[in-house]
$ cat data27.tsv   # TSV, C-alpha atoms
chain	number	residue	atom	x	y	z
T	1	MET	CA	41.25	-29.78	-15.79
T	2	SER	CA	41.26	-26.25	-14.42
T	3	LYS	CA	40.98	-25.84	-10.66
T	4	HIS	CA	38.48	-22.98	-11.32
T	5	SER	CA	36.14	-25.11	-13.41
T	6	ALA	CA	33.14	-24.13	-11.26
T	7	LEU	CA	33.91	-20.45	-11.89
T	8	ASN	CA	34.23	-21.09	-15.59
T	9	THR	CA	30.90	-22.89	-15.65
T	10	PHE	CA	28.73	-20.67	-13.40
T	11	GLY	CA	30.43	-17.28	-13.64
T	12	ARG	CA	31.95	-15.20	-10.80
T	13	SER	CA	28.96	-15.47	-8.48
T	14	GLY	CA	26.83	-18.46	-7.61
T	15	ASN	CA	24.48	-16.37	-5.45
T	16	PRO	CA	20.94	-17.40	-6.51
T	17	ALA	CA	19.59	-13.88	-5.74
T	18	PHE	CA	21.81	-12.39	-8.43
T	19	THR	CA	20.79	-15.10	-10.86
T	20	ARG	CA	17.10	-14.52	-10.15
T	21	ASN	CA	17.46	-10.76	-10.78
T	22	PHE	CA	19.25	-11.48	-14.00
T	23	GLU	CA	16.51	-13.87	-15.06
T	24	ASN	CA	13.86	-11.25	-14.20
T	25	ASN	CA	15.60	-8.77	-16.47
T	26	GLU	CA	15.53	-11.31	-19.25
T	27	VAL	CA	11.93	-12.44	-18.83
T	28	PHE	CA	10.29	-9.00	-18.52
T	29	SER	CA	11.12	-6.49	-21.20
T	30	GLN	CA	10.92	-2.76	-20.40
T	31	SER	CA	7.29	-2.52	-21.58
T	32	GLU	CA	6.26	-5.49	-19.42
T	33	ARG	CA	7.66	-4.05	-16.18
T	34	MET	CA	5.82	-2.16	-13.45
T	35	THR	CA	6.38	1.62	-13.54
T	36	LEU	CA	5.43	4.53	-11.27
T	37	ASP	CA	3.53	6.18	-14.15
T	38	GLY	CA	1.51	3.02	-14.72
T	39	ALA	CA	0.62	2.60	-11.04
T	40	VAL	CA	-0.46	6.27	-10.69
T	41	ASN	CA	-2.53	6.12	-13.91
T	42	LYS	CA	-4.24	2.93	-12.75
T	43	THR	CA	-4.98	4.54	-9.37
T	44	ALA	CA	-6.58	7.44	-11.28
T	45	ILE	CA	-8.74	4.94	-13.24
T	46	LEU	CA	-9.83	3.25	-10.00
T	47	LEU	CA	-10.61	6.64	-8.41
T	48	ALA	CA	-12.71	7.63	-11.45
T	49	LEU	CA	-14.63	4.33	-11.21
T	50	CYS	CA	-15.08	4.87	-7.47
T	51	PHE	CA	-16.50	8.37	-8.09
T	52	ALA	CA	-18.84	6.95	-10.77
T	53	GLY	CA	-20.02	4.27	-8.32
T	54	ALA	CA	-20.43	6.92	-5.59
T	55	PHE	CA	-22.61	8.97	-7.96
T	56	ALA	CA	-24.87	5.92	-8.44
T	57	GLY	CA	-24.90	5.20	-4.70
T	58	TRP	CA	-25.66	8.86	-3.92
T	59	ASN	CA	-28.73	8.81	-6.22
T	60	VAL	CA	-29.89	5.30	-5.23
T	61	PRO	CA	-28.84	4.80	-1.57
T	62	ALA	CA	-30.31	1.26	-1.63
T	63	LEU	CA	-27.21	0.25	-3.63
T	64	ALA	CA	-24.99	0.89	-0.58
T	65	MET	CA	-25.42	-2.52	1.10
T	66	PRO	CA	-25.02	-4.70	-2.05
T	67	GLY	CA	-22.08	-2.51	-3.06
T	68	LEU	CA	-20.43	-3.02	0.33
T	69	ILE	CA	-20.92	-6.80	0.31
T	70	ILE	CA	-19.80	-7.35	-3.30
T	71	GLY	CA	-16.90	-4.89	-2.86
T	72	THR	CA	-15.69	-6.73	0.27
T	73	ILE	CA	-15.90	-10.14	-1.50
T	74	LEU	CA	-13.93	-8.74	-4.46
T	75	ALA	CA	-11.30	-7.31	-2.08
T	76	PHE	CA	-10.80	-10.73	-0.45
T	77	VAL	CA	-10.66	-12.42	-3.86
T	78	THR	CA	-7.98	-9.96	-5.02
T	79	ILE	CA	-5.92	-10.25	-1.82
T	80	PHE	CA	-6.06	-14.02	-1.32
T	81	ARG	CA	-5.99	-15.14	-4.97
T	82	SER	CA	-3.11	-14.39	-7.30
T	83	PRO	CA	-2.29	-10.66	-7.61
T	84	ALA	CA	-2.20	-11.29	-11.38
T	85	LYS	CA	-6.01	-11.17	-11.31
T	86	ALA	CA	-6.03	-7.62	-9.85
T	87	GLY	CA	-6.40	-6.12	-13.32
T	88	SER	CA	-9.85	-7.69	-13.69
T	89	THR	CA	-11.11	-7.49	-10.08
T	90	ALA	CA	-9.80	-4.09	-8.91
T	91	PRO	CA	-11.98	-1.95	-11.29
T	92	PHE	CA	-15.13	-3.79	-10.10
T	93	TYR	CA	-13.98	-3.43	-6.48
T	94	ALA	CA	-13.59	0.34	-6.97
T	95	ALA	CA	-17.03	0.71	-8.59
T	96	PHE	CA	-18.88	-1.36	-5.94
T	97	GLU	CA	-17.05	0.29	-3.02
T	98	GLY	CA	-17.94	3.64	-4.62
T	99	MET	CA	-21.64	2.67	-4.50
T	100	ALA	CA	-21.27	1.81	-0.80
T	101	LEU	CA	-19.45	5.08	-0.03
T	102	GLY	CA	-22.05	7.10	-1.98
T	103	GLY	CA	-24.89	5.54	0.02
T	104	ILE	CA	-23.10	5.96	3.38
T	105	THR	CA	-22.31	9.61	2.54
T	106	VAL	CA	-25.99	10.34	1.75
T	107	PHE	CA	-27.00	9.15	5.23
T	108	ALA	CA	-24.22	11.21	6.82
T	109	GLU	CA	-25.21	14.28	4.77
T	110	MET	CA	-28.84	13.98	5.91
T	111	GLN	CA	-27.70	14.32	9.52
T	112	TYR	CA	-24.78	16.74	9.05
T	113	PRO	CA	-24.95	18.75	5.80
T	114	GLY	CA	-21.58	19.42	4.15
T	115	ILE	CA	-19.82	16.55	5.95
T	116	GLY	CA	-19.21	14.54	2.74
T	117	ILE	CA	-17.06	17.13	0.97
T	118	GLN	CA	-15.13	17.73	4.22
T	119	ALA	CA	-14.31	14.01	4.46
T	120	ILE	CA	-13.32	13.83	0.75
T	121	GLY	CA	-11.12	16.95	1.06
T	122	LEU	CA	-9.39	15.65	4.19
T	123	THR	CA	-8.83	12.18	2.68
T	124	PHE	CA	-7.14	13.54	-0.45
T	125	GLY	CA	-5.33	16.20	1.60
T	126	ILE	CA	-3.79	13.46	3.75
T	127	LEU	CA	-2.96	11.45	0.60
T	128	ALA	CA	-1.08	14.37	-1.00
T	129	SER	CA	0.75	15.46	2.15
T	130	LEU	CA	1.87	11.92	3.03
T	131	LEU	CA	3.01	11.35	-0.56
T	132	PHE	CA	5.15	14.50	-0.28
T	133	CYS	CA	6.54	13.33	3.08
T	134	TYR	CA	7.37	9.91	1.58
T	135	LYS	CA	8.94	11.16	-1.65
T	136	SER	CA	11.08	13.74	0.15
T	137	GLY	CA	12.24	11.18	2.73
T	138	ILE	CA	10.66	12.90	5.75
T	139	ILE	CA	8.85	9.63	6.61
T	140	LYS	CA	11.08	6.58	6.21
T	141	PRO	CA	9.25	3.25	6.37
T	142	THR	CA	11.33	0.45	7.93
T	143	GLU	CA	10.66	-3.17	8.89
T	144	ASN	CA	9.80	-2.06	12.46
T	145	PHE	CA	7.43	0.59	11.06
T	146	ARG	CA	5.68	-2.10	8.98
T	147	LEU	CA	5.49	-4.48	11.96
T	148	MET	CA	4.02	-1.78	14.20
T	149	LEU	CA	1.41	-0.77	11.58
T	150	PHE	CA	0.51	-4.36	10.82
T	151	SER	CA	-0.05	-5.10	14.53
T	152	ALA	CA	-2.13	-1.95	15.03
T	153	THR	CA	-4.23	-2.61	11.90
T	154	MET	CA	-4.89	-6.22	12.89
T	155	GLY	CA	-5.80	-5.07	16.43
T	156	ILE	CA	-8.32	-2.56	15.06
T	157	MET	CA	-9.82	-5.13	12.67
T	158	LEU	CA	-10.17	-7.64	15.53
T	159	LEU	CA	-11.86	-5.01	17.72
T	160	TYR	CA	-14.32	-4.17	14.91
T	161	LEU	CA	-15.02	-7.88	14.34
T	162	VAL	CA	-15.71	-8.49	18.05
T	163	SER	CA	-17.94	-5.40	18.17
T	164	PHE	CA	-19.81	-6.62	15.05
T	165	ILE	CA	-20.37	-10.11	16.51
T	166	MET	CA	-21.44	-8.66	19.90
T	167	SER	CA	-24.01	-6.43	18.16
T	168	PHE	CA	-25.98	-9.58	17.20
T	169	PHE	CA	-26.46	-10.29	20.92
T	170	GLY	CA	-27.56	-6.74	21.74
T	171	ALA	CA	-24.19	-5.82	23.24
T	172	GLY	CA	-21.25	-3.88	21.88
T	173	ILE	CA	-18.03	-2.08	22.65
T	174	GLY	CA	-19.57	1.28	23.44
T	175	PHE	CA	-16.51	3.51	23.59
T	176	ILE	CA	-15.47	2.99	19.96
T	177	HIS	CA	-18.77	4.43	18.73
T	178	SER	CA	-19.29	7.10	21.40
T	179	ASN	CA	-18.82	10.81	20.80
T	180	GLY	CA	-17.03	11.26	24.13
T	181	LEU	CA	-13.36	12.11	24.47
T	182	PHE	CA	-12.38	8.44	24.46
T	183	GLY	CA	-14.43	7.72	21.32
T	184	ILE	CA	-12.95	10.70	19.47
T	185	GLY	CA	-9.46	9.75	20.65
T	186	PHE	CA	-9.99	6.21	19.35
T	187	SER	CA	-11.21	7.54	15.98
T	188	LEU	CA	-8.17	9.85	15.75
T	189	PHE	CA	-5.90	6.87	16.45
T	190	VAL	CA	-7.61	4.79	13.74
T	191	VAL	CA	-7.38	7.68	11.22
T	192	GLY	CA	-3.66	7.92	12.03
T	193	ILE	CA	-3.10	4.19	11.48
T	194	ALA	CA	-5.12	4.22	8.22
T	195	ALA	CA	-3.14	7.25	6.99
T	196	LEU	CA	0.23	5.65	7.80
T	197	ASN	CA	-0.84	2.56	5.81
T	198	LEU	CA	-0.70	4.85	2.76
T	199	VAL	CA	3.06	5.18	3.32
T	200	LEU	CA	3.40	1.38	3.10
T	201	ASP	CA	1.44	1.43	-0.18
T	202	PHE	CA	3.72	4.14	-1.61
T	203	ASP	CA	6.79	2.14	-0.59
T	204	PHE	CA	5.40	-1.06	-2.12
T	205	ILE	CA	4.74	0.71	-5.45
T	206	GLU	CA	8.15	2.45	-5.42
T	207	GLU	CA	9.98	-0.79	-4.62
T	208	GLY	CA	7.98	-2.72	-7.24
T	209	ALA	CA	8.88	-0.19	-9.94
T	210	GLU	CA	12.54	-0.23	-8.84
T	211	GLN	CA	12.74	-4.04	-8.86
T	212	GLY	CA	10.99	-4.22	-12.24
T	213	LEU	CA	8.05	-6.41	-11.13
T	214	PRO	CA	5.63	-7.61	-13.82
T	215	LYS	CA	3.15	-5.09	-15.26
T	216	TYR	CA	0.08	-6.55	-13.50
T	217	MET	CA	1.55	-5.45	-10.16
T	218	GLU	CA	0.61	-1.88	-11.16
T	219	TRP	CA	-3.03	-2.92	-10.73
T	220	TYR	CA	-2.26	-4.61	-7.42
T	221	GLY	CA	-0.43	-1.51	-6.13
T	222	ALA	CA	-3.31	0.74	-7.23
T	223	PHE	CA	-5.80	-1.66	-5.63
T	224	SER	CA	-3.98	-1.66	-2.27
T	225	LEU	CA	-3.90	2.16	-2.37
T	226	MET	CA	-7.68	2.19	-3.06
T	227	VAL	CA	-8.39	-0.17	-0.14
T	228	THR	CA	-6.49	2.15	2.22
T	229	LEU	CA	-8.17	5.27	0.80
T	230	VAL	CA	-11.66	3.74	1.24
T	231	TRP	CA	-10.83	2.81	4.85
T	232	LEU	CA	-9.36	6.27	5.53
T	233	TYR	CA	-12.45	8.00	4.07
T	234	ILE	CA	-14.84	5.96	6.23
T	235	GLU	CA	-12.80	6.63	9.38
T	236	ILE	CA	-12.59	10.38	8.67
T	237	LEU	CA	-16.36	10.44	8.08
T	238	ARG	CA	-16.90	8.66	11.42
T	239	LEU	CA	-14.58	11.08	13.20
T	240	LEU	CA	-16.31	14.14	11.70
T	241	MET	CA	-19.74	12.73	12.64
T	242	LYS	CA	-18.59	12.24	16.22
T	243	LEU	CA	-17.22	15.79	16.35
T	244	ARG	CA	-20.38	17.31	14.80
T	245	SER	CA	-22.68	15.38	17.16
T	246	ARG	CA	-21.13	16.96	20.27
L	1	MET	CA	-17.89	28.38	1.50
L	2	ASN	CA	-17.36	24.94	3.09
L	3	THR	CA	-17.93	23.19	-0.24
L	4	ILE	CA	-15.64	25.55	-2.19
L	5	LEU	CA	-12.81	25.27	0.35
L	6	PHE	CA	-12.84	21.47	0.60
L	7	GLY	CA	-13.54	21.15	-3.14
L	8	ILE	CA	-10.38	23.15	-3.91
L	9	LEU	CA	-8.44	21.02	-1.37
L	10	THR	CA	-9.62	17.86	-3.16
L	11	ILE	CA	-8.68	19.10	-6.64
L	12	VAL	CA	-5.27	20.45	-5.53
L	13	SER	CA	-4.50	17.22	-3.66
L	14	LEU	CA	-5.43	15.06	-6.66
L	15	PHE	CA	-3.27	17.26	-8.89
L	16	ILE	CA	-0.33	16.87	-6.47
L	17	PHE	CA	-0.86	13.09	-6.34
L	18	MET	CA	-0.98	12.74	-10.13
L	19	ASN	CA	2.23	14.73	-10.60
L	20	LEU	CA	4.29	13.87	-7.52
L	21	GLY	CA	3.33	10.20	-7.71
L	22	LYS	CA	5.14	9.80	-11.04
L	23	ILE	CA	8.40	11.24	-9.71
L	24	LYS	CA	10.96	8.86	-8.23
L	25	ALA	CA	11.48	9.18	-4.46
L	26	SER	CA	14.53	11.09	-3.20
L	27	LYS	CA	17.91	9.38	-2.72
L	28	LYS	CA	17.46	9.96	1.02
L	29	GLN	CA	14.45	7.64	0.83
L	30	MET	CA	15.78	5.06	-1.63
L	31	ASP	CA	19.41	4.60	-0.57
L	32	ARG	CA	18.82	3.30	2.93
L	33	GLU	CA	20.03	0.11	4.54
L	34	ASP	CA	16.86	-0.28	6.63
L	35	ARG	CA	14.31	-0.23	3.79
L	36	ILE	CA	11.39	-2.66	3.92
L	37	ASN	CA	12.29	-5.97	2.31
L	38	TRP	CA	9.05	-6.54	0.36
L	39	GLY	CA	10.33	-9.48	-1.67
L	40	GLY	CA	11.67	-11.41	1.32
L	41	ARG	CA	15.21	-11.01	0.00
L	42	ARG	CA	18.14	-9.58	1.93
L	43	ARG	CA	18.49	-6.59	-0.37
L	44	SER	CA	20.91	-4.62	1.82
L	45	ASN	CA	23.41	-7.49	1.90
L	46	LEU	CA	22.85	-7.98	-1.78
L	47	LYS	CA	23.75	-4.36	-2.53
L	48	LYS	CA	26.85	-4.57	-0.36
L	49	ASN	CA	28.04	-7.76	-2.06
L	50	ARG	CA	27.36	-6.46	-5.54
L	51	GLY	CA	30.40	-4.14	-5.45
L	52	SER	CA	32.93	-6.52	-3.97
L	53	SER	CA	33.58	-10.08	-5.00
L	54	THR	CA	33.82	-12.73	-2.28
L	55	ILE	CA	36.30	-14.73	-4.34
L	56	ILE	CA	39.89	-14.32	-3.22
L	57	GLU	CA	42.17	-13.62	-6.16
L	58	GLY	CA	45.48	-15.41	-6.42
L	59	LYS	CA	46.92	-18.82	-6.96
L	60	ALA	CA	44.77	-21.62	-5.63
L	61	GLU	CA	46.52	-24.30	-3.63
L	62	GLU	CA	45.29	-27.83	-3.62
L	63	VAL	CA	45.03	-29.34	-0.15
L	64	ASP	CA	46.01	-32.96	-0.03
L	65	ASP	CA	45.80	-35.07	3.13
L	66	GLU	CA	48.76	-37.22	2.09
L	67	THR	CA	51.19	-34.29	1.85
L	68	LYS	CA	50.48	-33.39	5.50
L	69	LYS	CA	51.77	-36.78	6.63
$ encode --input "data27.tsv" --output "structure tokens"
Amino acid sequence: MSKHSALNTFGRSGNPAFTRNFENNEVFSQSERMTLDGAVNKTAILLALCFAGAFAGWNVPALAMPGLIIGTILAFVTIFRSPAKAGSTAPFYAAFEGMALGGITVFAEMQYPGIGIQAIGLTFGILASLLFCYKSGIIKPTENFRLMLFSATMGIMLLYLVSFIMSFFGAGIGFIHSNGLFGIGFSLFVVGIAALNLVLDFDFIEEGAEQGLPKYMEWYGAFSLMVTLVWLYIEILRLLMKLRSR
Amino acid sequence: MNTILFGILTIVSLFIFMNLGKIKASKKQMDREDRINWGGRRRSNLKKNRGSSTIIEGKAEEVDDETKK
């Protein structure tokens, strides 16, 4: 019996990572793999649905609250259930969040005319400029970058949650809603964190396309980009309202 | 004026996103050792190992405890 029988049986490498990649290539054919084109096209579909929802919310502002609640539930369902379901939940998420954003924008427009288009322009302006910075390699996301952003995002979410709970008892964290220097500084910080989350979404989509993940991950990538864009839009709107109220 | 300016910014930005988004990122971005490991795999080590085999070529010698004595 040959002394290299293991080599003859399993090939030159027994590394399971190599084997898994090989298996992936076998299981998913070219048409079943995630691509950049697919992810961008699906983001465009979600944006179109969001605009359609916003049109409905703009005309019937009463749809804002149900849209926000259903949209949030759908977001949690998509995140915490299998990403394979993103293809069926993400379009509904985009439409319902659009309704919420349309309603919120109407209220903001009543107080500060022209603020809605400013917030939309700045949101997409940030999206395009950060995409350029990512593609050209000016911004390079690393594990430390992801850790820092994750910590900051969780910190902000916790602060908002505490503020929300405190509001039921007639209290609140005043500075995060104030139009003073501290309140504006806080809003600028949150806008910065939300914007940098876009870079993580770009990297996730790029990596997914490079690794040849299954096709449904295009929907998941587009969904995560939509979640960040919705958050960024709301934060920019809040920042502009604070600035205009001074 | 406000609407026109920000409207143009929105359309131009969406156009940039739709076109630039479909282009692969630069080599400067992709060929880095410190990229985020989204899949939980040690991709940098994997890339390094892919080029060079860890198996030492040559005649294999059988180690036998009895021959040592």
$ atom_distance --input "data27.tsv" --atom1 "CA of Gly98 in chain T" --atom2 "CA of Tyr216 in chain T"
22.5 Å
$ residues_around --input "data27.tsv" --residues "range 29-32 of chain L" --least-positions-apart "5" --cutoff "8 Å" --atoms "all atoms listed in the file" --output "list in words"
Tyr134, Lys135, Ser136, Gly137 and Lys140 of chain T
$ interface_residues --input "data27.tsv" --of "chain L" --to "chain T" --cutoff "9 Å" --atoms "all atoms listed in the file" --output "JSON, numbers by chain"
{"L": [2, 3, 5, 6, 7, 8, 9, 10, 11, 12, 13, 14, 15, 16, 17, 18, 19, 20, 21, 22, 23, 24, 25, 26, 27, 28, 29, 30, 34, 35, 36, 37, 38, 41, 42, 46, 50, 53, 54, 55, 60, 62]}
$ atom_distance --input "data27.tsv" --atom1 "CA of Leu225 in chain T" --atom2 "CA of Asp201 in chain T"
5.8 Å
$ atom_distance --input "data27.tsv" --atom1 "CA of Ala64 in chain T" --atom2 "CA of Leu149 in chain T"
29.1 Å
$ axis_aligned_box --input "data27.tsv" --around "range 8-26 of chain L" --padding-each-side "3 Å" --output "JSON"
{"center_x": 2.1, "center_y": 16.0, "center_z": -6.2, "size_x": 30.9, "size_y": 20.3, "size_z": 15.7}
$ residues_around --input "data27.tsv" --residues "range 167-180 of chain T" --least-positions-apart "2" --cutoff "8 Å" --atoms "only C-alpha atoms" --output "JSON list (two decimals) with C-alpha atoms, in the frame of the given file"
[["chain", "number", "residue", "atom", "x", "y", "z"],
["T", 163, "SER", "CA", -17.94, -5.40, 18.17],
["T", 164, "PHE", "CA", -19.81, -6.62, 15.05],
["T", 165, "ILE", "CA", -20.37, -10.11, 16.51],
["T", 182, "PHE", "CA", -12.38, 8.44, 24.46],
["T", 183, "GLY", "CA", -14.43, 7.72, 21.32],
["T", 184, "ILE", "CA", -12.95, 10.70, 19.47],
["T", 186, "PHE", "CA", -9.99, 6.21, 19.35],
["T", 187, "SER", "CA", -11.21, 7.54, 15.98],
["T", 242, "LYS", "CA", -18.59, 12.24, 16.22],
["T", 243, "LEU", "CA", -17.22, 15.79, 16.35],
["T", 245, "SER", "CA", -22.68, 15.38, 17.16],
["T", 246, "ARG", "CA", -21.13, 16.96, 20.27]]
